[in-house]
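Student: This one is data-v3.txt, compact mmCIF, C-alpha atoms and all ligand atoms.
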```
# COMPACT_ATOMS: atom_id res chain seq x y z
CA MET O 682 -52.54 95.01 -9.38
CA LEU O 683 -49.13 93.59 -8.66
CA GLN O 684 -50.31 90.03 -8.16
CA ASP O 685 -52.04 90.20 -11.54
CA ALA O 686 -48.77 91.18 -13.10
CA VAL O 687 -46.98 88.11 -11.76
CA ALA O 688 -48.71 85.76 -14.15
CA THR O 689 -47.26 82.49 -15.36
CA ALA O 690 -44.72 82.55 -18.15
CA SER O 691 -47.29 81.73 -20.80
CA ASP O 692 -50.19 83.95 -19.87
CA GLN O 693 -47.90 86.96 -19.44
CA THR O 694 -47.30 87.10 -23.14
CA GLU O 695 -50.82 87.77 -24.34
CA THR O 696 -51.45 90.41 -21.70
CA ALA O 697 -48.12 92.08 -22.28
CA ALA O 698 -48.44 92.11 -26.04
CA ALA O 699 -51.89 93.62 -25.77
CA ALA O 700 -50.48 96.25 -23.44
CA VAL O 701 -47.70 97.12 -25.87
CA GLU O 702 -50.16 97.27 -28.74
CA ALA O 703 -52.50 99.51 -26.82
CA THR O 704 -49.58 101.78 -25.99
CA GLU O 705 -48.44 101.90 -29.60
CA GLN O 706 -51.95 102.75 -30.75
CA GLY O 707 -52.13 105.61 -28.29
CA ASN O 708 -54.67 103.72 -26.16
CA ASN O 709 -57.54 105.68 -27.70
CA GLY O 710 -57.27 108.38 -25.11
CA ALA O 711 -57.90 106.12 -22.10
CA PRO O 712 -56.09 107.64 -19.14
CA ALA O 713 -53.43 105.43 -17.56
CA ALA O 714 -54.89 106.00 -14.11
CA ASP O 715 -57.82 103.75 -15.03
CA ALA O 716 -55.60 100.99 -16.40
CA PRO O 717 -54.17 98.14 -14.30
CA ALA O 718 -50.51 98.56 -13.39
CA ALA O 719 -48.41 96.36 -15.65
CA SER O 720 -45.03 96.74 -13.99
CA ILE O 721 -43.50 93.89 -11.98
CA GLU O 722 -40.45 95.94 -11.05
CA GLY O 723 -38.91 94.92 -7.79
CA LEU O 724 -40.68 91.58 -7.60
CA ASP O 725 -38.49 88.50 -7.22
CA GLY O 726 -35.40 90.65 -7.62
CA ILE O 727 -36.12 91.69 -11.19
CA LYS O 728 -34.78 95.12 -11.98
CA ILE O 729 -36.44 95.76 -15.29
CA ARG O 730 -40.13 96.24 -15.97
CA ARG O 731 -41.30 93.27 -18.01
CA ARG O 732 -43.86 95.38 -19.85
CA PRO O 733 -44.99 98.96 -20.19
CA VAL O 734 -47.94 100.40 -18.36
CA THR O 735 -50.93 100.56 -20.68
CA GLY O 736 -50.57 104.22 -21.60
CA PRO O 737 -49.11 107.51 -20.50
CA SER O 738 -51.20 109.89 -18.42
CA VAL O 739 -53.26 112.48 -20.20
CA HIS O 740 -52.43 116.02 -19.13
CA HIS O 741 -54.85 118.89 -19.60
CA VAL O 742 -53.70 122.44 -20.20
CA GLY O 743 -56.65 124.70 -20.93
CA PRO O 744 -58.50 123.24 -23.91
CA PHE O 745 -55.54 121.04 -24.92
CA GLN O 746 -54.62 117.61 -23.78
CA PHE O 747 -51.24 115.96 -24.31
CA ARG O 748 -49.28 112.96 -23.16
CA LEU O 749 -45.94 113.08 -21.37
CA GLU O 750 -43.20 110.72 -22.51
CA ASN O 751 -41.37 108.60 -19.97
CA GLU O 752 -44.23 108.01 -17.62
CA GLY O 753 -44.07 104.26 -17.82
CA ASN O 754 -44.58 103.55 -21.50
CA THR O 755 -41.03 104.36 -22.56
CA PRO O 756 -38.32 101.76 -21.86
CA ARG O 757 -35.70 103.06 -19.45
CA ASN O 758 -32.79 101.06 -20.81
CA ILE O 759 -31.83 98.74 -23.64
CA LEU O 760 -32.79 95.59 -21.73
CA GLU O 761 -36.32 96.86 -21.15
CA LYS O 762 -36.53 97.90 -24.78
CA ILE O 763 -35.43 94.46 -25.98
CA VAL O 764 -37.82 92.65 -23.64
CA TRP O 765 -40.84 94.81 -24.50
CA ASN O 766 -40.15 94.27 -28.17
CA LYS O 767 -39.74 90.55 -27.54
CA ASP O 768 -43.18 90.39 -25.92
CA VAL O 769 -44.80 91.65 -29.10
CA GLU O 770 -42.61 89.48 -31.31
CA ILE O 771 -43.49 86.31 -29.39
CA TRP O 772 -47.18 87.11 -29.57
CA GLN O 773 -46.91 87.41 -33.35
CA MET O 774 -44.80 84.26 -33.68
CA LYS O 775 -47.22 82.25 -31.54
CA GLU O 776 -50.05 83.25 -33.86
CA LYS O 777 -48.15 81.71 -36.76
CA MET O 778 -46.84 78.69 -34.85
CA PRO O 779 -48.99 77.74 -31.86
CA LEU O 780 -47.51 75.42 -29.25
CA TYR O 781 -49.49 72.36 -30.33
CA ARG O 782 -47.93 72.59 -33.80
CA LEU O 783 -44.43 72.96 -32.36
CA LYS O 784 -44.72 70.08 -29.91
CA GLY O 785 -45.71 67.28 -32.32
CA PRO O 786 -42.61 67.25 -34.55
CA LEU O 787 -40.34 67.43 -31.48
CA ASP O 788 -41.28 63.84 -30.59
CA ASN O 789 -39.45 62.64 -33.69
CA ALA O 790 -36.61 65.20 -33.65
CA PRO O 791 -33.02 64.02 -33.06
CA PRO O 792 -32.18 64.33 -29.35
CA ALA O 793 -30.43 67.43 -28.06
CA ARG O 794 -26.65 67.20 -27.73
CA ASP O 795 -25.19 67.28 -24.24
CA PHE O 796 -24.03 70.87 -23.76
CA VAL O 797 -22.74 70.39 -20.20
CA ALA O 798 -20.80 67.22 -21.07
CA ALA O 799 -19.16 69.01 -24.02
CA LEU O 800 -17.95 71.80 -21.71
CA LYS O 801 -16.58 69.30 -19.18
CA ALA O 802 -14.84 67.24 -21.87
CA SER O 803 -13.17 70.33 -23.31
CA TYR O 804 -11.99 71.49 -19.88
CA ASP O 805 -10.58 68.04 -19.15
CA ARG O 806 -8.83 67.95 -22.52
CA THR O 807 -7.23 71.41 -22.47
CA ALA O 808 -7.08 72.36 -18.76
CA LEU O 809 -8.38 75.73 -20.00
CA PRO O 810 -11.89 77.16 -19.78
CA ALA O 811 -14.10 75.47 -22.38
CA LEU O 812 -15.00 77.89 -25.16
CA ILE O 813 -18.57 78.76 -26.11
CA ALA O 814 -17.86 80.75 -29.28
CA GLU O 815 -20.57 83.19 -30.29
CA VAL O 816 -21.96 83.61 -33.79
CA LYS O 817 -22.75 87.32 -33.43
CA LYS O 818 -23.24 89.70 -36.30
CA ALA O 819 -24.07 92.89 -34.40
CA SER O 820 -24.94 94.18 -30.95
CA PRO O 821 -26.66 97.21 -29.48
CA SER O 822 -23.44 98.33 -27.80
CA ARG O 823 -21.02 97.82 -30.70
CA GLY O 824 -23.15 98.00 -33.85
CA VAL O 825 -22.21 95.72 -36.73
CA LEU O 826 -19.26 93.56 -35.73
CA ARG O 827 -18.78 91.76 -39.03
CA GLU O 828 -20.04 92.82 -42.46
CA ASN O 829 -19.06 89.66 -44.27
CA PHE O 830 -21.16 87.32 -42.13
CA ASP O 831 -21.62 83.69 -43.08
CA PRO O 832 -22.95 81.97 -39.91
CA VAL O 833 -22.30 78.40 -41.10
CA GLU O 834 -18.74 79.15 -42.21
CA ILE O 835 -18.03 80.90 -38.90
CA ALA O 836 -19.55 78.02 -36.89
CA GLN O 837 -17.47 75.44 -38.77
CA ALA O 838 -14.31 77.49 -38.23
CA TYR O 839 -15.03 77.78 -34.50
CA GLU O 840 -15.59 74.04 -34.22
CA LYS O 841 -12.45 73.15 -36.16
CA ASN O 842 -10.33 75.40 -33.96
CA GLY O 843 -11.44 74.02 -30.61
CA ALA O 844 -14.74 75.57 -29.53
CA ALA O 845 -16.57 73.17 -27.21
CA CYS O 846 -19.99 74.67 -27.89
CA LEU O 847 -21.43 77.50 -29.97
CA SER O 848 -23.75 80.35 -29.06
CA VAL O 849 -26.02 81.62 -31.82
CA LEU O 850 -27.77 84.95 -31.45
CA THR O 851 -31.31 84.68 -32.75
CA ASP O 852 -32.71 88.14 -32.00
CA SER O 853 -33.06 89.98 -35.29
CA LYS O 854 -34.01 93.51 -34.27
CA PHE O 855 -31.11 94.31 -31.95
CA PHE O 856 -28.44 91.73 -32.91
CA GLN O 857 -29.19 90.98 -36.56
CA GLY O 858 -29.40 87.34 -35.56
CA SER O 859 -31.82 84.70 -36.78
CA PHE O 860 -33.35 81.33 -35.96
CA ASP O 861 -32.50 80.47 -39.56
CA TYR O 862 -28.81 80.72 -38.60
CA LEU O 863 -29.34 78.28 -35.74
CA GLU O 864 -31.14 75.86 -38.03
CA ALA O 865 -28.61 76.22 -40.84
CA ILE O 866 -25.68 75.58 -38.49
CA ARG O 867 -27.39 72.48 -37.09
CA ASN O 868 -28.23 71.20 -40.58
CA ALA O 869 -24.70 71.82 -41.85
CA GLY O 870 -23.42 68.97 -39.70
CA VAL O 871 -21.73 71.02 -36.97
CA LYS O 872 -21.41 68.67 -33.98
CA CYS O 873 -20.80 71.20 -31.21
CA PRO O 874 -23.87 71.67 -29.01
CA LEU O 875 -25.68 74.93 -29.79
CA LEU O 876 -26.87 77.57 -27.34
CA CYS O 877 -29.86 79.59 -28.50
CA LYS O 878 -28.89 83.10 -27.39
CA GLU O 879 -32.28 84.72 -26.98
CA PHE O 880 -34.18 86.91 -24.56
CA ILE O 881 -36.46 84.20 -23.22
CA ILE O 882 -39.53 85.37 -21.34
CA ASP O 883 -42.10 82.79 -22.39
CA ALA O 884 -42.01 78.99 -22.24
CA TRP O 885 -43.16 78.85 -25.87
CA GLN O 886 -39.68 80.08 -26.85
CA LEU O 887 -38.08 76.96 -25.35
CA TYR O 888 -40.07 74.70 -27.66
CA TYR O 889 -39.36 76.98 -30.61
CA ALA O 890 -35.61 77.00 -29.88
CA ARG O 891 -35.58 73.18 -29.68
CA SER O 892 -37.51 72.92 -32.94
CA LYS O 893 -34.76 74.99 -34.59
CA GLY O 894 -31.98 72.73 -33.31
CA ALA O 895 -30.99 74.32 -29.98
CA ASP O 896 -29.31 72.09 -27.40
CA ALA O 897 -29.27 74.79 -24.73
CA VAL O 898 -30.95 78.12 -23.99
CA LEU O 899 -30.05 81.28 -22.13
CA LEU O 900 -32.21 82.29 -19.16
CA ILE O 901 -31.42 85.82 -17.94
CA ALA O 902 -32.04 86.35 -14.22
CA ALA O 903 -32.49 90.10 -14.73
CA ILE O 904 -35.64 89.49 -16.75
CA LEU O 905 -37.06 86.31 -15.17
CA PRO O 906 -38.53 85.84 -11.70
CA ASP O 907 -37.29 82.77 -9.80
CA ARG O 908 -40.54 80.90 -10.40
CA ASP O 909 -40.20 81.33 -14.17
CA ILE O 910 -36.59 80.14 -14.05
CA SER O 911 -37.64 77.02 -12.09
CA TYR O 912 -40.54 76.37 -14.45
CA MET O 913 -38.39 76.82 -17.54
CA LEU O 914 -35.63 74.58 -16.14
CA LYS O 915 -38.20 71.81 -15.83
CA ILE O 916 -39.31 72.27 -19.43
CA CYS O 917 -35.68 72.32 -20.59
CA LYS O 918 -35.16 69.01 -18.82
CA ILE O 919 -38.17 67.48 -20.56
CA LEU O 920 -36.82 68.73 -23.90
CA GLY O 921 -33.30 67.47 -23.12
CA MET O 922 -31.83 70.98 -23.27
CA ALA O 923 -29.36 72.60 -20.88
CA ALA O 924 -29.98 76.10 -19.51
CA LEU O 925 -27.29 78.72 -19.02
CA VAL O 926 -28.69 80.96 -16.30
CA GLU O 927 -27.11 84.39 -16.59
CA VAL O 928 -26.46 86.80 -13.74
CA HIS O 929 -24.69 90.12 -13.42
CA ASP O 930 -24.71 91.07 -9.77
CA GLU O 931 -24.66 89.64 -6.25
CA ARG O 932 -28.40 89.66 -5.85
CA GLU O 933 -28.96 87.74 -9.06
CA ILE O 934 -26.27 85.15 -8.37
CA ASP O 935 -27.57 84.54 -4.85
CA ARG O 936 -31.08 84.11 -6.25
CA VAL O 937 -30.07 81.52 -8.81
CA ILE O 938 -27.74 79.52 -6.54
CA GLY O 939 -30.86 78.79 -4.50
CA ILE O 940 -32.85 77.41 -7.44
CA ASP O 941 -32.98 73.62 -7.79
CA GLY O 942 -31.59 72.08 -10.95
CA ILE O 943 -29.09 74.78 -11.93
CA GLN O 944 -26.10 73.27 -13.75
CA LEU O 945 -24.64 76.33 -15.47
CA ILE O 946 -24.36 79.89 -14.22
CA GLY O 947 -23.13 82.56 -16.62
CA ILE O 948 -21.61 85.65 -15.07
CA ASN O 949 -22.01 88.46 -17.55
CA ASN O 950 -19.28 91.06 -17.25
CA ARG O 951 -21.47 93.39 -19.31
CA ASN O 952 -24.10 95.38 -17.49
CA LEU O 953 -27.03 94.97 -19.86
CA GLU O 954 -28.59 98.23 -18.73
CA THR O 955 -25.53 100.46 -19.20
CA PHE O 956 -23.28 98.36 -21.53
CA GLU O 957 -20.37 98.85 -19.16
CA VAL O 958 -17.98 95.85 -19.31
CA ASP O 959 -15.71 94.92 -16.41
CA ILE O 960 -14.17 91.45 -16.22
CA SER O 961 -13.43 91.81 -12.52
CA ASN O 962 -17.17 91.30 -12.06
CA THR O 963 -16.59 87.56 -12.50
CA LYS O 964 -13.93 87.52 -9.79
CA ASN O 965 -15.94 89.67 -7.40
CA LEU O 966 -19.02 87.45 -7.65
CA LEU O 967 -17.06 84.23 -7.07
CA GLU O 968 -15.12 85.37 -4.04
CA GLY O 969 -15.53 83.76 -0.62
CA GLU O 970 -18.34 81.47 0.47
CA ARG O 971 -20.37 82.02 -2.67
CA GLY O 972 -17.64 80.51 -4.85
CA GLN O 973 -17.31 77.57 -2.44
CA LEU O 974 -21.04 76.92 -2.47
CA ILE O 975 -21.08 76.94 -6.28
CA ALA O 976 -18.19 74.45 -6.34
CA GLN O 977 -19.93 72.22 -3.77
CA LYS O 978 -23.04 72.18 -5.92
CA ASP O 979 -20.92 71.18 -8.93
CA ILE O 980 -22.25 74.15 -10.90
CA ILE O 981 -20.12 75.17 -13.89
CA VAL O 982 -19.54 78.90 -14.06
CA VAL O 983 -19.27 80.51 -17.47
CA GLY O 984 -17.45 83.86 -17.74
CA GLU O 985 -19.23 86.01 -20.33
CA SER O 986 -18.32 89.16 -22.30
CA GLY O 987 -15.28 91.37 -22.65
CA LEU O 988 -12.67 88.60 -23.00
CA PHE O 989 -10.00 89.51 -25.54
CA THR O 990 -6.58 88.19 -24.45
CA PRO O 991 -4.88 85.16 -22.83
CA ASP O 992 -4.48 87.31 -19.70
CA HIS O 993 -8.23 87.85 -19.57
CA VAL O 994 -8.80 84.10 -19.91
CA SER O 995 -6.30 83.34 -17.10
CA PHE O 996 -7.88 86.01 -14.93
CA VAL O 997 -11.37 84.50 -15.10
CA GLN O 998 -10.02 80.96 -14.85
CA ASP O 999 -8.19 81.90 -11.64
CA ALA O 1000 -11.48 83.36 -10.39
CA GLY O 1001 -13.12 79.93 -10.82
CA VAL O 1002 -14.73 79.74 -14.25
CA LYS O 1003 -14.59 76.47 -16.20
CA ALA O 1004 -16.02 77.92 -19.42
CA ILE O 1005 -16.10 81.24 -21.26
CA LEU O 1006 -18.55 82.76 -23.71
CA VAL O 1007 -16.84 84.95 -26.30
CA GLY O 1008 -18.21 86.93 -29.22
CA GLU O 1009 -16.66 90.21 -30.25
CA SER O 1010 -12.97 89.37 -29.88
CA LEU O 1011 -13.33 86.37 -32.23
CA ILE O 1012 -15.94 87.57 -34.70
CA LYS O 1013 -14.12 90.80 -35.51
CA GLN O 1014 -10.97 88.99 -36.65
CA GLU O 1015 -10.51 88.23 -40.32
CA ASP O 1016 -10.40 84.52 -39.49
CA PRO O 1017 -12.62 83.96 -36.42
CA GLY O 1018 -11.50 80.33 -36.17
CA LYS O 1019 -7.79 81.16 -36.00
CA ALA O 1020 -8.59 83.94 -33.54
CA ILE O 1021 -9.28 81.23 -30.94
CA ALA O 1022 -5.56 80.41 -30.67
CA GLY O 1023 -4.89 84.13 -30.18
CA LEU O 1024 -7.47 84.32 -27.39
CA PHE O 1025 -5.94 81.39 -25.46
CA GLY O 1026 -2.32 82.05 -26.39
CA LYS O 1027 -2.10 78.55 -27.86
CA ASP O 1028 -3.78 76.27 -30.35
CA ILE O 1029 -6.60 74.38 -28.62
CA SER O 1030 -7.98 72.60 -31.67
CA PRO O 1031 -8.74 68.92 -30.98
CA VAL O 1032 -6.28 67.59 -33.56
CA SER O 1033 -3.25 69.55 -32.40
CA SER O 1034 -3.68 68.68 -28.71
CA ALA O 1035 -4.46 65.00 -29.33
O1 LIG A 1 -23.50 92.72 -26.59
C1 LIG A 1 -24.29 93.62 -26.30
O2 LIG A 1 -24.14 94.80 -26.65
C2 LIG A 1 -25.53 93.33 -25.51
C3 LIG A 1 -26.43 94.34 -25.23
C4 LIG A 1 -27.59 94.08 -24.52
C5 LIG A 1 -27.87 92.81 -24.09
C6 LIG A 1 -26.98 91.78 -24.36
C7 LIG A 1 -25.83 92.04 -25.06
N1 LIG A 1 -24.93 91.04 -25.37
C8 LIG A 1 -25.12 89.68 -25.06
C9 LIG A 1 -23.89 89.14 -24.46
O3 LIG A 1 -23.87 89.02 -23.28
C10 LIG A 1 -22.69 88.88 -25.33
O4 LIG A 1 -23.08 88.68 -26.65
C11 LIG A 1 -21.80 87.71 -24.94
O5 LIG A 1 -21.58 87.60 -23.59
C12 LIG A 1 -20.44 87.85 -25.68
O6 LIG A 1 -19.85 89.08 -25.32
P1 LIG A 1 -18.60 89.68 -26.12
O7 LIG A 1 -17.53 88.63 -26.11
O8 LIG A 1 -18.18 90.88 -25.34
O9 LIG A 1 -19.09 89.98 -27.48
```
Go through the file and emit its structure as structure tokens.
Ligand SMILES: O=C(O)c1ccccc1NCC(=O)[C@H](O)[C@H](O)COP(=O)(O)O

Tutor:
Amino acid sequence: MLQDAVATASDQTETAAAAVEATEQGNNGAPAADAPAASIEGLDGIKIRRRPVTGPSVHHVGPFQFRLENEGNTPRNILEKIVWNKDVEIWQMKEKMPLYRLKGPLDNAPPARDFVAALKASYDRTALPALIAEVKKASPSRGVLRENFDPVEIAQAYEKNGAACLSVLTDSKFFQGSFDYLEAIRNAGVKCPLLCKEFIIDAWQLYYARSKGADAVLLIAAILPDRDISYMLKICKILGMAALVEVHDEREIDRVIGIDGIQLIGINNRNLETFEVDISNTKNLLEGERGQLIAQKDIIVVGESGLFTPDHVSFVQDAGVKAILVGESLIKQEDPGKAIAGLFGKDISPVSSA
């Protein structure tokens, strides 16, 4: 039933993981027709299915029975694939580290750094979009971006050369990222606030990210209903973390503008279903009344993906962004820190502009 599928952020996980497990085990021959529908497609503007149906239909031909692929238990695009995998991963991680064990140590943890203030300070200092530089080893669309990958060295180089904040990919299966990278960067004395770049679908992940040193998290509108975004924003506030709420199209941006407590909207120029990158997406989404409303609400817009040159940076700045999130164009250079000056067309490191 559809209303069953729209569970709260936390109880979705168990159900979803069980569904994925049942699917992977072949469901012991139980026909899908008897199973509850697990898709929440179309609800609250979400385009992807948050979890597979519990098993493909059984088809009978004479004495044989077989299952057809692609009848609900096969992800239709990379985003669905990532999210379905994440469901199972979270379920396993929660077993090892239940919420009550995560929460306790957080009371004595150093407070989160102010991600939003760091972006504003950088913009005021440089009059250029504040840089969130991404520590990104690989991606589903581009494969391995950097063989010789030392996350701490890269983070320090980004900081030294003017990044306001850092984004650290933590998904291991699709991005070769790690929570250990986040923790190591934090423990190495990097002062820039850190964004945990994850596919967050369960509130447990917010506590886990904080426990590993995150100062901010990514919430992707394509995979989260409005009520989950609102709920997670409240938890972020309690934990002292900022949330970068990411959108890709008009429907998503209009949804999130209406949610209370949004400080940062990321416009992803990459379509996460097709991998197509088009930086004019940022401009298109900020045109007209929508851009004015965002400015009135004092929301900072972050332009994400596909930014390689000073012209690209000017283009999105003219469209209204005050910050940019950049991975590939920096990480692929021999010296990712020095690549920052190439991206902006000038040195933006704090020392040189002081
Ligand atoms: O980068 C991908 O291939 C990708 C695929 C599926 C989901 C998300 C993906 N990337 C996350 C990002 O949005 C980027 O890492 C980030 O915006 C930086 O983009 P870029 O500067 O183009 O590396």

Student: Find the residue from O:Lys1027, O:Arg823, O:Lys801, O:Lys818 that sits nearest to ligand LIG 1 (chain A); use only C-alpha atoms and all ligand atoms when measuring.

Tutor: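 With only C-alpha atoms and all ligand atoms as the atom set, the closest residue is O:Arg823.
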
Student: As an MDAnalysis selection string, please: every protein or nucleic acid residue near ligand LIG 1 (chain A) (cut-off 8 Å, counting all atoms listed in the file).

Tutor: chainID O and resid 759:760 763 815 817 819:824 850 878 949:954 956 958 985:989 1006:1011

Student: So how far away is atom CA of Ile980 of chain O from atom CA of Leu967 of chain O, in Å?

Tutor: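 Taking atom CA of Leu967 of chain O and atom CA of Ile980 of chain O, their separation equals 12.0 Å.
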
Student: Between O:Ile1029, O:Leu876, O:Ile881, O:Ile960, which residue has the minimum interatomic distance to Leu925 of chain O, considering all atoms listed in the file?

Tutor: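 Using all atoms listed in the file, Leu925 of chain O sits closest to O:Leu876.
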
Student: Name the closest residue to Val928 of chain O among the candidates O:Lys777, O:Lys728, O:Arg806, O:Lys762; distances are taken between atoms, counting all atoms listed in the file.

Tutor: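 Of all the options, O:Lys728 lies closest to Val928 of chain O.
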
Student: With distances taken over all atoms listed in the file, which of O:Met778, O:Ile1021, O:Ile813, O:Tyr888 is nearest to Val797 of chain O?

Tutor: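 Going through O:Met778, O:Ile1021, O:Ile813, O:Tyr888 one by one, the smallest distance to Val797 of chain O is for O:Ile813.
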
Student: Counting only C-alpha atoms, which residues in segment 850-946 of chain O sit no more than 7 Å from segment 831-845 of chain O? For each one, give the nearest pair of atoms and the distance in Å, sorted by chain then residue number, as a tab-separated table.

Tutor:
```
residue	atom	partner	partner_atom	distance
O:Tyr862	CA	O:Pro832	CA	6.1
O:Ala865	CA	O:Val833	CA	6.7
O:Ile866	CA	O:Val833	CA	5.1
O:Val871	CA	O:Gln837	CA	6.4
O:Cys873	CA	O:Ala845	CA	6.1
```

Student: Figure out the distance between atom CA of Val982 of chain O and atom CA of Val1002 of chain O, please, to one decimal in Å.

Tutor: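 These two atoms are separated by 4.9 Å.
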
Student: Excluding segment 898-915 of chain O and its own-chain neighbours fewer than 2 positions away, which residues fall within 8 Å of it when counting only C-alpha atoms? Please give them as number ranges by chain.

Tutor: O: 689-690, 724-729, 731, 764, 876-882, 884, 887, 890, 895-896, 917-919, 922-929, 933, 936-937, 940-943

Student: Just give me the gap between atom CA of Ala790 of chain O and atom CA of Gly921 of chain O in Å, one decimal is fine.

Tutor: 11.3 Å

Student: Between O:Asp883, O:Asp861, O:Asp795, O:Glu828, which residue has the minimum interatomic distance to Leu780 of chain O, considering only C-alpha atoms?

Tutor: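 The closest residue to Leu780 of chain O is O:Asp883.
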
Student: From the options O:Gly894, O:Pro791, O:Gly1026, O:Pro1017, which residue's atoms come nearest to Phe860 of chain O, counting all atoms listed in the file?

Tutor: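 Result for the nearest residue to Phe860 of chain O: O:Gly894.
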
Student: Please complete segment 892-904 of chain O with N, CA and C atoms and give it back as an mmCIF file, in the coordinates of the input.

Tutor:
```
data_model
loop_
_atom_site.group_PDB
_atom_site.id
_atom_site.type_symbol
_atom_site.label_atom_id
_atom_site.label_comp_id
_atom_site.auth_asym_id
_atom_site.auth_seq_id
_atom_site.Cartn_x
_atom_site.Cartn_y
_atom_site.Cartn_z
ATOM 1 N N SER O 892 -37.070 73.300 -31.589
ATOM 2 C CA SER O 892 -37.510 72.920 -32.940
ATOM 3 C C SER O 892 -36.527 73.432 -34.001
ATOM 4 N N LYS O 893 -35.741 74.440 -33.642
ATOM 5 C CA LYS O 893 -34.760 74.990 -34.590
ATOM 6 C C LYS O 893 -33.363 74.405 -34.373
ATOM 7 N N GLY O 894 -33.262 73.425 -33.462
ATOM 8 C CA GLY O 894 -31.980 72.730 -33.310
ATOM 9 C C GLY O 894 -31.177 73.125 -32.079
ATOM 10 N N ALA O 895 -31.759 73.916 -31.178
ATOM 11 C CA ALA O 895 -30.990 74.320 -29.980
ATOM 12 C C ALA O 895 -30.792 73.135 -29.037
ATOM 13 N N ASP O 896 -29.618 73.090 -28.421
ATOM 14 C CA ASP O 896 -29.310 72.090 -27.400
ATOM 15 C C ASP O 896 -29.308 72.735 -26.010
ATOM 16 N N ALA O 897 -29.283 74.050 -25.992
ATOM 17 C CA ALA O 897 -29.270 74.790 -24.730
ATOM 18 C C ALA O 897 -29.898 76.166 -24.970
ATOM 19 N N VAL O 898 -30.375 76.768 -23.885
ATOM 20 C CA VAL O 898 -30.950 78.120 -23.990
ATOM 21 C C VAL O 898 -30.366 79.005 -22.905
ATOM 22 N N LEU O 899 -30.494 80.299 -23.130
ATOM 23 C CA LEU O 899 -30.050 81.280 -22.130
ATOM 24 C C LEU O 899 -31.274 81.738 -21.332
ATOM 25 N N LEU O 900 -31.152 81.719 -20.011
ATOM 26 C CA LEU O 900 -32.210 82.290 -19.160
ATOM 27 C C LEU O 900 -31.556 83.433 -18.374
ATOM 28 N N ILE O 901 -32.064 84.637 -18.542
ATOM 29 C CA ILE O 901 -31.420 85.820 -17.940
ATOM 30 C C ILE O 901 -32.146 86.189 -16.642
ATOM 31 N N ALA O 902 -31.413 86.113 -15.524
ATOM 32 C CA ALA O 902 -32.040 86.350 -14.220
ATOM 33 C C ALA O 902 -32.590 87.777 -14.097
ATOM 34 N N ALA O 903 -32.022 88.713 -14.827
ATOM 35 C CA ALA O 903 -32.490 90.100 -14.730
ATOM 36 C C ALA O 903 -33.885 90.281 -15.321
ATOM 37 N N ILE O 904 -34.321 89.311 -16.130
ATOM 38 C CA ILE O 904 -35.640 89.490 -16.750
ATOM 39 C C ILE O 904 -36.634 88.386 -16.358
#
```
